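Colleague: One file: data-v1.cif (mmCIF, C-alpha atoms).
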```
data_model
#
loop_
_atom_site.group_PDB
_atom_site.id
_atom_site.type_symbol
_atom_site.label_atom_id
_atom_site.label_comp_id
_atom_site.auth_asym_id
_atom_site.auth_seq_id
_atom_site.Cartn_x
_atom_site.Cartn_y
_atom_site.Cartn_z
ATOM 1 C CA THR R 1 -3.682 -13.174 6.034
ATOM 2 C CA VAL R 2 -7.338 -12.442 6.657
ATOM 3 C CA ASN R 3 -8.917 -9.361 5.113
ATOM 4 C CA PRO R 4 -10.996 -7.707 7.872
ATOM 5 C CA PRO R 5 -14.590 -6.887 6.964
ATOM 6 C CA ALA R 6 -15.571 -3.592 5.427
ATOM 7 C CA SER R 7 -16.636 -0.750 7.630
ATOM 8 C CA LEU R 8 -19.095 2.032 7.042
ATOM 9 C CA THR R 9 -16.396 4.522 8.044
ATOM 10 C CA PRO R 10 -13.972 5.249 5.227
ATOM 11 C CA ILE R 11 -10.234 5.151 6.010
ATOM 12 C CA PHE R 12 -10.564 5.118 9.827
ATOM 13 C CA ASN R 13 -11.517 1.451 10.060
ATOM 14 C CA GLU R 14 -10.040 -1.913 11.009
ATOM 15 C CA ARG R 15 -9.207 -3.009 7.469
ATOM 16 C CA PHE R 16 -7.329 0.191 6.586
ATOM 17 C CA GLY R 17 -5.534 0.067 9.946
ATOM 18 C CA THR R 18 -4.423 -3.488 9.198
ATOM 19 C CA TYR R 19 -3.070 -2.447 5.815
ATOM 20 C CA LEU R 20 -1.420 0.596 7.392
ATOM 21 C CA PHE R 21 0.359 -1.655 9.896
ATOM 22 C CA GLY R 22 1.622 -3.843 7.030
ATOM 23 C CA ILE R 23 2.781 -0.760 5.142
ATOM 24 C CA VAL R 24 4.704 0.535 8.170
ATOM 25 C CA VAL R 25 6.353 -2.865 8.777
ATOM 26 C CA CYS R 26 7.406 -3.206 5.130
ATOM 27 C CA ALA R 27 8.706 0.371 5.076
ATOM 28 C CA PHE R 28 10.724 -0.333 8.230
ATOM 29 C CA VAL R 29 12.160 -3.497 6.660
ATOM 30 C CA ALA R 30 13.072 -1.522 3.518
ATOM 31 C CA TRP R 31 14.784 1.139 5.625
ATOM 32 C CA LEU R 32 16.699 -1.446 7.688
ATOM 33 C CA ALA R 33 17.811 -3.307 4.563
ATOM 34 C CA ALA R 34 18.914 -0.071 2.874
ATOM 35 C CA GLN R 35 20.952 0.868 5.960
ATOM 36 C CA ALA R 36 22.506 -2.616 6.159
ATOM 37 C CA ALA R 37 23.442 -2.483 2.476
ATOM 38 C CA LYS R 38 25.586 0.597 3.169
ATOM 39 C CA GLU R 39 27.617 -1.142 5.897
ATOM 40 C CA PRO R 40 30.719 -3.126 4.959
ATOM 41 C CA GLY R 41 30.798 -6.783 5.821
ATOM 42 C CA PRO R 42 30.251 -10.238 4.452
ATOM 43 C CA GLU R 43 27.609 -10.536 1.761
ATOM 44 C CA PRO R 44 24.493 -12.379 3.018
ATOM 45 C CA PRO R 45 22.782 -15.072 0.892
ATOM 46 C CA VAL R 46 20.135 -12.538 -0.135
ATOM 47 C CA SER R 47 21.504 -9.090 -0.861
ATOM 48 C CA TRP R 48 20.318 -6.240 1.310
ATOM 49 C CA ALA R 49 19.598 -4.122 -1.761
ATOM 50 C CA SER R 50 17.264 -6.825 -3.127
ATOM 51 C CA LEU R 51 15.482 -7.097 0.205
ATOM 52 C CA ALA R 52 15.062 -3.311 0.334
ATOM 53 C CA ALA R 53 13.665 -3.302 -3.213
ATOM 54 C CA VAL R 54 11.169 -6.099 -2.487
ATOM 55 C CA ALA R 55 10.048 -4.428 0.750
ATOM 56 C CA GLY R 56 9.659 -1.076 -1.040
ATOM 57 C CA LEU R 57 7.605 -2.758 -3.758
ATOM 58 C CA ALA R 58 5.476 -4.403 -1.056
ATOM 59 C CA VAL R 59 4.827 -0.976 0.481
ATOM 60 C CA ASN R 60 3.509 0.366 -2.818
ATOM 61 C CA VAL R 61 1.399 -2.729 -3.524
ATOM 62 C CA LEU R 62 -0.129 -2.541 -0.044
ATOM 63 C CA ILE R 63 -0.908 1.158 -0.531
ATOM 64 C CA LEU R 64 -2.641 0.356 -3.824
ATOM 65 C CA LEU R 65 -4.637 -2.459 -2.211
ATOM 66 C CA ALA R 66 -5.595 -0.453 0.869
ATOM 67 C CA VAL R 67 -6.783 2.615 -1.017
ATOM 68 C CA GLY R 68 -8.423 0.463 -3.694
ATOM 69 C CA TRP R 69 -10.473 -1.346 -1.047
ATOM 70 C CA GLU R 70 -11.444 1.958 0.530
ATOM 71 C CA ILE R 71 -12.591 3.346 -2.826
ATOM 72 C CA HIS R 72 -14.602 0.199 -3.441
ATOM 73 C CA ALA R 73 -16.130 0.225 0.057
ATOM 74 C CA TYR R 74 -17.041 3.913 -0.172
ATOM 75 C CA TRP R 75 -18.923 3.613 -3.461
ATOM 76 C CA TRP R 76 -20.469 0.272 -2.520
ATOM 77 C CA PHE R 77 -21.757 1.773 0.746
ATOM 78 C CA LEU R 78 -23.293 4.740 -1.082
ATOM 79 C CA HIS R 79 -24.828 2.327 -3.563
ATOM 80 C CA TRP R 80 -26.195 0.126 -0.763
ATOM 81 C CA ARG R 81 -27.352 3.042 1.403
ATOM 82 C CA SER R 82 -29.293 4.621 -1.425
ATOM 83 C CA GLY R 83 -31.387 1.464 -1.651
ATOM 84 C CA PHE R 84 -31.401 1.844 -5.408
ATOM 85 C CA GLY R 85 -34.351 -0.568 -5.553
ATOM 86 C CA GLY R 86 -33.757 -1.578 -9.132
ATOM 87 C CA ASP R 87 -32.794 1.887 -10.386
ATOM 88 C CA TRP R 88 -30.146 0.764 -12.848
ATOM 89 C CA THR R 89 -29.243 4.343 -13.737
ATOM 90 C CA LEU R 90 -28.187 5.071 -10.158
ATOM 91 C CA MET R 91 -26.286 1.782 -9.979
ATOM 92 C CA HIS R 92 -24.479 2.610 -13.237
ATOM 93 C CA ASP R 93 -23.635 6.091 -11.946
ATOM 94 C CA TYR R 94 -22.020 4.682 -8.789
ATOM 95 C CA ARG R 95 -19.993 2.202 -10.847
ATOM 96 C CA MET R 96 -18.924 5.033 -13.129
ATOM 97 C CA TYR R 97 -17.857 7.196 -10.168
ATOM 98 C CA ALA R 98 -15.914 4.284 -8.678
ATOM 99 C CA GLN R 99 -14.074 3.632 -11.960
ATOM 100 C CA PHE R 100 -13.213 7.313 -12.304
ATOM 101 C CA THR R 101 -11.926 7.360 -8.719
ATOM 102 C CA TYR R 102 -9.705 4.320 -9.366
ATOM 103 C CA SER R 103 -8.236 5.953 -12.471
ATOM 104 C CA ALA R 104 -7.641 9.246 -10.676
ATOM 105 C CA PHE R 105 -5.955 7.461 -7.771
ATOM 106 C CA PHE R 106 -3.707 5.398 -10.067
ATOM 107 C CA MET R 107 -2.633 8.562 -11.873
ATOM 108 C CA LEU R 108 -2.046 10.557 -8.663
ATOM 109 C CA PHE R 109 -0.162 7.747 -6.956
ATOM 110 C CA GLY R 110 1.938 7.190 -10.081
ATOM 111 C CA ALA R 111 2.741 10.896 -10.198
ATOM 112 C CA ALA R 112 3.662 10.857 -6.499
ATOM 113 C CA LEU R 113 5.965 7.864 -6.992
ATOM 114 C CA LEU R 114 7.549 9.530 -10.006
ATOM 115 C CA THR R 115 8.099 12.753 -8.086
ATOM 116 C CA LEU R 116 9.607 10.843 -5.176
ATOM 117 C CA GLY R 117 11.813 8.893 -7.577
ATOM 118 C CA PHE R 118 13.057 12.118 -9.177
ATOM 119 C CA TRP R 119 13.576 13.841 -5.847
ATOM 120 C CA ARG R 120 15.432 10.924 -4.224
ATOM 121 C CA ARG R 121 17.092 9.928 -7.527
ATOM 122 C CA VAL R 122 15.884 6.345 -7.224
ATOM 123 C CA ALA R 123 15.398 4.667 -10.596
ATOM 124 C CA PHE R 124 13.452 1.766 -9.033
ATOM 125 C CA LEU R 125 10.719 4.146 -7.826
ATOM 126 C CA ARG R 126 10.561 5.800 -11.234
ATOM 127 C CA TRP R 127 10.143 2.400 -12.892
ATOM 128 C CA GLN R 128 7.370 1.492 -10.473
ATOM 129 C CA ALA R 129 5.666 4.786 -11.296
ATOM 130 C CA LEU R 130 5.965 4.179 -15.031
ATOM 131 C CA VAL R 131 4.466 0.683 -14.663
ATOM 132 C CA LEU R 132 1.591 2.112 -12.613
ATOM 133 C CA LEU R 133 1.047 4.835 -15.218
ATOM 134 C CA ALA R 134 0.999 2.141 -17.918
ATOM 135 C CA VAL R 135 -1.676 0.306 -15.917
ATOM 136 C CA ALA R 136 -3.622 3.579 -15.627
ATOM 137 C CA ILE R 137 -3.324 4.111 -19.389
ATOM 138 C CA GLY R 138 -4.589 0.604 -20.051
ATOM 139 C CA LYS R 139 -7.461 1.063 -17.607
ATOM 140 C CA VAL R 140 -8.459 4.391 -19.126
ATOM 141 C CA PHE R 141 -8.487 2.987 -22.643
ATOM 142 C CA ILE R 142 -10.051 -0.398 -21.878
ATOM 143 C CA VAL R 143 -12.395 0.176 -18.930
ATOM 144 C CA ASP R 144 -13.113 3.885 -18.716
ATOM 145 C CA VAL R 145 -13.973 4.353 -22.374
ATOM 146 C CA SER R 146 -16.863 1.930 -22.000
ATOM 147 C CA THR R 147 -17.864 2.770 -18.415
ATOM 148 C CA LEU R 148 -17.576 6.521 -17.921
ATOM 149 C CA SER R 149 -19.949 9.149 -19.205
ATOM 150 C CA GLN R 150 -18.649 11.643 -21.725
ATOM 151 C CA GLY R 151 -17.717 14.304 -19.159
ATOM 152 C CA TYR R 152 -15.783 11.956 -16.892
ATOM 153 C CA ARG R 153 -14.177 10.293 -19.904
ATOM 154 C CA ILE R 154 -12.912 13.695 -21.072
ATOM 155 C CA LEU R 155 -11.595 14.510 -17.568
ATOM 156 C CA SER R 156 -9.903 11.128 -17.378
ATOM 157 C CA PHE R 157 -8.182 11.578 -20.753
ATOM 158 C CA LEU R 158 -7.177 15.180 -19.969
ATOM 159 C CA GLY R 159 -5.674 14.209 -16.620
ATOM 160 C CA LEU R 160 -3.822 11.292 -18.156
ATOM 161 C CA GLY R 161 -2.593 13.409 -21.058
ATOM 162 C CA ALA R 162 -1.322 16.194 -18.793
ATOM 163 C CA LEU R 163 0.461 13.680 -16.601
ATOM 164 C CA LEU R 164 2.097 11.949 -19.563
ATOM 165 C CA LEU R 165 3.183 15.272 -21.063
ATOM 166 C CA GLY R 166 4.747 16.300 -17.761
ATOM 167 C CA VAL R 167 6.599 12.990 -17.460
ATOM 168 C CA SER R 168 7.834 13.106 -21.055
ATOM 169 C CA PHE R 169 9.075 16.711 -20.710
ATOM 170 C CA ALA R 170 10.897 15.890 -17.476
ATOM 171 C CA TYR R 171 12.664 12.966 -19.108
ATOM 172 C CA GLN R 172 13.274 14.602 -22.498
ATOM 173 C CA ARG R 173 14.683 17.866 -21.164
ATOM 174 C CA ASP R 174 16.643 16.050 -18.449
ATOM 175 C CA TRP R 175 15.700 18.809 -16.017
ATOM 176 C CA LEU R 176 16.986 16.759 -13.096
ATOM 177 C CA ASN R 177 20.321 15.751 -14.702
ATOM 178 C CA LEU R 178 19.424 12.080 -14.501
ATOM 179 C CA ARG R 179 21.740 11.148 -17.336
ATOM 180 C CA LYS R 180 24.772 12.387 -15.413
ATOM 181 C CA ALA R 181 23.732 11.205 -11.941
ATOM 182 C CA ASN R 182 24.361 7.760 -10.557
ATOM 183 C CA THR R 183 20.991 6.101 -10.024
ATOM 184 C CA ARG R 184 20.399 3.452 -7.424
#
```
Can you give me the file's structure in the form of C-alpha cells?
Modeller:
Amino acid sequence: TVNPPASLTPIFNERFGTYLFGIVVCAFVAWLAAQAAKEPGPEPPVSWASLAAVAGLAVNVLILLAVGWEIHAYWWFLHWRSGFGGDWTLMHDYRMYAQFTYSAFFMLFGAALLTLGFWRRVAFLRWQALVLLAVAIGKVFIVDVSTLSQGYRILSFLGLGALLLGVSFAYQRDWLNLRKANTR
C-alpha cells in the first residue's frame, strides 16, 4: 500500500522488488484459479475463471506501473544529476527521452502480450494487448507529437506503424487459425 522511495539504482531497488513480489503473487493466484477452474466440483460464488482473469490483469497493470516508475526514476535521476541549473534545453531533452521511452515500452509490452495471446490462444491477453496498443496510439498522437523532436517523432510513428501492420496482417490472414480455434 505504500510506494517505497525511488532509488538511484534502476531496476535492482526496493520499489521494483516490491512490485515484483506483487506481480509474482498475482501470477500465482491466476495460476491457482486457472487450475481450480479445470477441476469439477461445485461452483463457488465467484467463478475461478473470473478470478484468474482479474489476477492476470493485475499482473499486467503491476508490470506497467513498475516499469513506468523505473523509466521515470531513471530519467529524473539523470536530469537531477546533471544539475541542469536552469538549462531548459537539457530539461526538455530529458522529458523528450522519457516520453519516447514510455511509448517504446507500451508498444513492446503490447506486442509481447499479443504474441503471448496468439501463442497460448488466449483471447483475453490479445484484448489486453489491443487496449494497450490503443493507449500507445493515443499517447503517440496526443503527447509525442508535441513533446518529441522530429527524429524521435519519426521513430515513434515508424515503430507504431510497423507494429500495427504486423497485428493487422496476423488477424487478417488468420495465420494462427484463430477463427477455427476455441478461444478462452
Colleague: From the set R:Val61, R:Ala49, R:Met96, R:Ala111, which residue has the shortest atom-to-atom contact distance to R:Ala36, counting all atoms listed in the file?
Modeller: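 Comparing R:Val61, R:Ala49, R:Met96, R:Ala111 against R:Ala36, the winner is R:Ala49.
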Colleague: Evaluated on this file, the PyMOL selection byres ((chain R and resi 104) around 12) picks out some residues - which ones are they, written as a PyMOL selection string?
Modeller: chain R and resi 67-68+71+97-103+105-111+132-133+135-137+139-140+144+152-153+155-160+163
Colleague: For a test of reading the model, state the distance in Å between atom CA of R:Gln172 and atom CA of R:Leu64, rounded to one decimal.
Modeller: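 These atoms are spaced 28.4 Å apart.
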Colleague: Give me the residues near R:Val24 as a short mmCIF file (atom, residue, chain, number, x, y, z; two decimals) with C-alpha atoms, keeping the file's coordinate frame, where near means some atom within 12 Å (using all atoms listed in the file) and where sequence neighbours in that chain fewer than 5 positions away do not count.
Modeller:
```cif
data_model
loop_
_atom_site.label_atom_id
_atom_site.label_comp_id
_atom_site.auth_asym_id
_atom_site.auth_seq_id
_atom_site.Cartn_x
_atom_site.Cartn_y
_atom_site.Cartn_z
CA GLY R 17 -5.53 0.07 9.95
CA THR R 18 -4.42 -3.49 9.20
CA TYR R 19 -3.07 -2.45 5.82
CA VAL R 29 12.16 -3.50 6.66
CA ALA R 30 13.07 -1.52 3.52
CA TRP R 31 14.78 1.14 5.62
CA ALA R 55 10.05 -4.43 0.75
CA GLY R 56 9.66 -1.08 -1.04
CA ALA R 58 5.48 -4.40 -1.06
CA VAL R 59 4.83 -0.98 0.48
CA ASN R 60 3.51 0.37 -2.82
CA LEU R 62 -0.13 -2.54 -0.04
CA ILE R 63 -0.91 1.16 -0.53
#
```
Colleague: Tell me, in Å to one decimal, how far atom CA of R:Ala27 is from atom CA of R:Tyr74.
Modeller: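 Computing it gives 26.5 Å between the two atoms.
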Colleague: Set up a box along x, y and z of the file covering all listed atoms of stretch 150-153 of chain R, add 3 Å on every one of the six sides, and write the centre and edge lengths in Å to one decimal, as JSON.
Modeller:
```
{"center_x": -16.4, "center_y": 12.3, "center_z": -19.3, "size_x": 10.5, "size_y": 10.0, "size_z": 10.8}
```
Colleague: Between atom CA of R:Tyr94 and atom CA of R:Ser146, what is the distance in Å, rounded to a tenth?
Modeller: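 Taking atom CA of R:Tyr94 as the start and atom CA of R:Ser146 as the end point, the length is 14.4 Å.
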Colleague: Name the closest residue to R:Gly166 among the candidates R:Leu114, R:Phe141, R:Trp76, R:Gly151; distances are taken between atoms, counting all atoms listed in the file.
Modeller: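 Closest to R:Gly166 of all the choices is R:Leu114.
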Colleague: Using all atoms listed in the file, find the one residue out of R:Ala37, R:Ile154, R:Leu130, R:Ile142 that sits nearest to R:Ser168.
Modeller: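 Ranked by minimum distance to R:Ser168, first place goes to R:Leu130.
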Colleague: Where atoms are absent from stretch 153-164 of chain R, fill them in so it carries all heavy atoms, then output it as a PDB file, in the frame of the given file.
Modeller:
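Result written to part-v2.pdb:
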```
ATOM      1  N   ARG R 153     -15.132  10.841 -18.941  1.00  0.00           N
ATOM      2  CA  ARG R 153     -14.177  10.293 -19.904  1.00  0.00           C
ATOM      3  C   ARG R 153     -13.215  11.386 -20.365  1.00  0.00           C
ATOM      4  O   ARG R 153     -12.006  11.176 -20.444  1.00  0.00           O
ATOM      5  CB  ARG R 153     -14.940   9.717 -21.102  1.00  0.00           C
ATOM      6  CG  ARG R 153     -14.112   8.833 -21.977  1.00  0.00           C
ATOM      7  CD  ARG R 153     -14.925   8.230 -23.117  1.00  0.00           C
ATOM      8  NE  ARG R 153     -16.148   7.623 -22.638  1.00  0.00           N
ATOM      9  CZ  ARG R 153     -17.295   7.615 -23.304  1.00  0.00           C
ATOM     10  NH1 ARG R 153     -17.377   8.182 -24.490  1.00  0.00           N
ATOM     11  NH2 ARG R 153     -18.367   7.031 -22.808  1.00  0.00           N
ATOM     12  N   ILE R 154     -13.750  12.566 -20.651  1.00  0.00           N
ATOM     13  CA  ILE R 154     -12.912  13.695 -21.072  1.00  0.00           C
ATOM     14  C   ILE R 154     -11.953  14.082 -19.948  1.00  0.00           C
ATOM     15  O   ILE R 154     -10.755  14.286 -20.179  1.00  0.00           O
ATOM     16  CB  ILE R 154     -13.796  14.892 -21.497  1.00  0.00           C
ATOM     17  CG1 ILE R 154     -14.502  14.573 -22.812  1.00  0.00           C
ATOM     18  CG2 ILE R 154     -12.970  16.163 -21.626  1.00  0.00           C
ATOM     19  CD1 ILE R 154     -15.581  15.561 -23.188  1.00  0.00           C
ATOM     20  N   LEU R 155     -12.453  14.183 -18.703  1.00  0.00           N
ATOM     21  CA  LEU R 155     -11.595  14.510 -17.568  1.00  0.00           C
ATOM     22  C   LEU R 155     -10.501  13.464 -17.375  1.00  0.00           C
ATOM     23  O   LEU R 155      -9.348  13.801 -17.099  1.00  0.00           O
ATOM     24  CB  LEU R 155     -12.421  14.624 -16.293  1.00  0.00           C
ATOM     25  CG  LEU R 155     -13.240  15.882 -16.115  1.00  0.00           C
ATOM     26  CD1 LEU R 155     -14.092  15.787 -14.850  1.00  0.00           C
ATOM     27  CD2 LEU R 155     -12.332  17.090 -16.040  1.00  0.00           C
ATOM     28  N   SER R 156     -10.870  12.205 -17.535  1.00  0.00           N
ATOM     29  CA  SER R 156      -9.903  11.128 -17.378  1.00  0.00           C
ATOM     30  C   SER R 156      -8.799  11.226 -18.430  1.00  0.00           C
ATOM     31  O   SER R 156      -7.611  11.122 -18.116  1.00  0.00           O
ATOM     32  CB  SER R 156     -10.623   9.782 -17.466  1.00  0.00           C
ATOM     33  OG  SER R 156      -9.751   8.734 -17.221  1.00  0.00           O
ATOM     34  N   PHE R 157      -9.174  11.452 -19.686  1.00  0.00           N
ATOM     35  CA  PHE R 157      -8.182  11.578 -20.753  1.00  0.00           C
ATOM     36  C   PHE R 157      -7.339  12.842 -20.601  1.00  0.00           C
ATOM     37  O   PHE R 157      -6.128  12.820 -20.847  1.00  0.00           O
ATOM     38  CB  PHE R 157      -8.849  11.580 -22.134  1.00  0.00           C
ATOM     39  CG  PHE R 157      -9.177  10.206 -22.628  1.00  0.00           C
ATOM     40  CD1 PHE R 157     -10.490   9.847 -22.903  1.00  0.00           C
ATOM     41  CD2 PHE R 157      -8.180   9.269 -22.839  1.00  0.00           C
ATOM     42  CE1 PHE R 157     -10.788   8.578 -23.366  1.00  0.00           C
ATOM     43  CE2 PHE R 157      -8.468   8.001 -23.307  1.00  0.00           C
ATOM     44  CZ  PHE R 157      -9.781   7.654 -23.568  1.00  0.00           C
ATOM     45  N   LEU R 158      -7.942  13.951 -20.175  1.00  0.00           N
ATOM     46  CA  LEU R 158      -7.177  15.180 -19.969  1.00  0.00           C
ATOM     47  C   LEU R 158      -6.159  15.034 -18.838  1.00  0.00           C
ATOM     48  O   LEU R 158      -5.008  15.460 -18.959  1.00  0.00           O
ATOM     49  CB  LEU R 158      -8.107  16.360 -19.686  1.00  0.00           C
ATOM     50  CG  LEU R 158      -8.860  16.929 -20.877  1.00  0.00           C
ATOM     51  CD1 LEU R 158      -9.842  18.009 -20.424  1.00  0.00           C
ATOM     52  CD2 LEU R 158      -7.901  17.488 -21.901  1.00  0.00           C
ATOM     53  N   GLY R 159      -6.595  14.431 -17.735  1.00  0.00           N
ATOM     54  CA  GLY R 159      -5.674  14.209 -16.620  1.00  0.00           C
ATOM     55  C   GLY R 159      -4.535  13.288 -17.008  1.00  0.00           C
ATOM     56  O   GLY R 159      -3.362  13.552 -16.695  1.00  0.00           O
ATOM     57  N   LEU R 160      -4.858  12.223 -17.714  1.00  0.00           N
ATOM     58  CA  LEU R 160      -3.822  11.292 -18.156  1.00  0.00           C
ATOM     59  C   LEU R 160      -2.885  11.952 -19.151  1.00  0.00           C
ATOM     60  O   LEU R 160      -1.666  11.800 -19.067  1.00  0.00           O
ATOM     61  CB  LEU R 160      -4.479  10.057 -18.777  1.00  0.00           C
ATOM     62  CG  LEU R 160      -3.552   8.939 -19.197  1.00  0.00           C
ATOM     63  CD1 LEU R 160      -2.793   8.393 -18.002  1.00  0.00           C
ATOM     64  CD2 LEU R 160      -4.352   7.842 -19.865  1.00  0.00           C
ATOM     65  N   GLY R 161      -3.422  12.721 -20.066  1.00  0.00           N
ATOM     66  CA  GLY R 161      -2.593  13.409 -21.058  1.00  0.00           C
ATOM     67  C   GLY R 161      -1.662  14.425 -20.420  1.00  0.00           C
ATOM     68  O   GLY R 161      -0.483  14.500 -20.778  1.00  0.00           O
ATOM     69  N   ALA R 162      -2.169  15.206 -19.473  1.00  0.00           N
ATOM     70  CA  ALA R 162      -1.322  16.194 -18.793  1.00  0.00           C
ATOM     71  C   ALA R 162      -0.214  15.509 -18.011  1.00  0.00           C
ATOM     72  O   ALA R 162       0.940  15.953 -18.027  1.00  0.00           O
ATOM     73  CB  ALA R 162      -2.178  17.051 -17.859  1.00  0.00           C
ATOM     74  N   LEU R 163      -0.545  14.415 -17.358  1.00  0.00           N
ATOM     75  CA  LEU R 163       0.461  13.680 -16.601  1.00  0.00           C
ATOM     76  C   LEU R 163       1.534  13.101 -17.517  1.00  0.00           C
ATOM     77  O   LEU R 163       2.732  13.211 -17.244  1.00  0.00           O
ATOM     78  CB  LEU R 163      -0.213  12.563 -15.811  1.00  0.00           C
ATOM     79  CG  LEU R 163       0.658  11.752 -14.874  1.00  0.00           C
ATOM     80  CD1 LEU R 163       1.258  12.642 -13.804  1.00  0.00           C
ATOM     81  CD2 LEU R 163      -0.165  10.654 -14.240  1.00  0.00           C
ATOM     82  N   LEU R 164       1.125  12.520 -18.632  1.00  0.00           N
ATOM     83  CA  LEU R 164       2.097  11.949 -19.563  1.00  0.00           C
ATOM     84  C   LEU R 164       2.961  13.023 -20.216  1.00  0.00           C
ATOM     85  O   LEU R 164       4.156  12.807 -20.440  1.00  0.00           O
ATOM     86  CB  LEU R 164       1.382  11.116 -20.624  1.00  0.00           C
ATOM     87  CG  LEU R 164       0.745   9.829 -20.110  1.00  0.00           C
ATOM     88  CD1 LEU R 164      -0.039   9.147 -21.217  1.00  0.00           C
ATOM     89  CD2 LEU R 164       1.789   8.903 -19.532  1.00  0.00           C
TER      90      LEU R 164
END
```
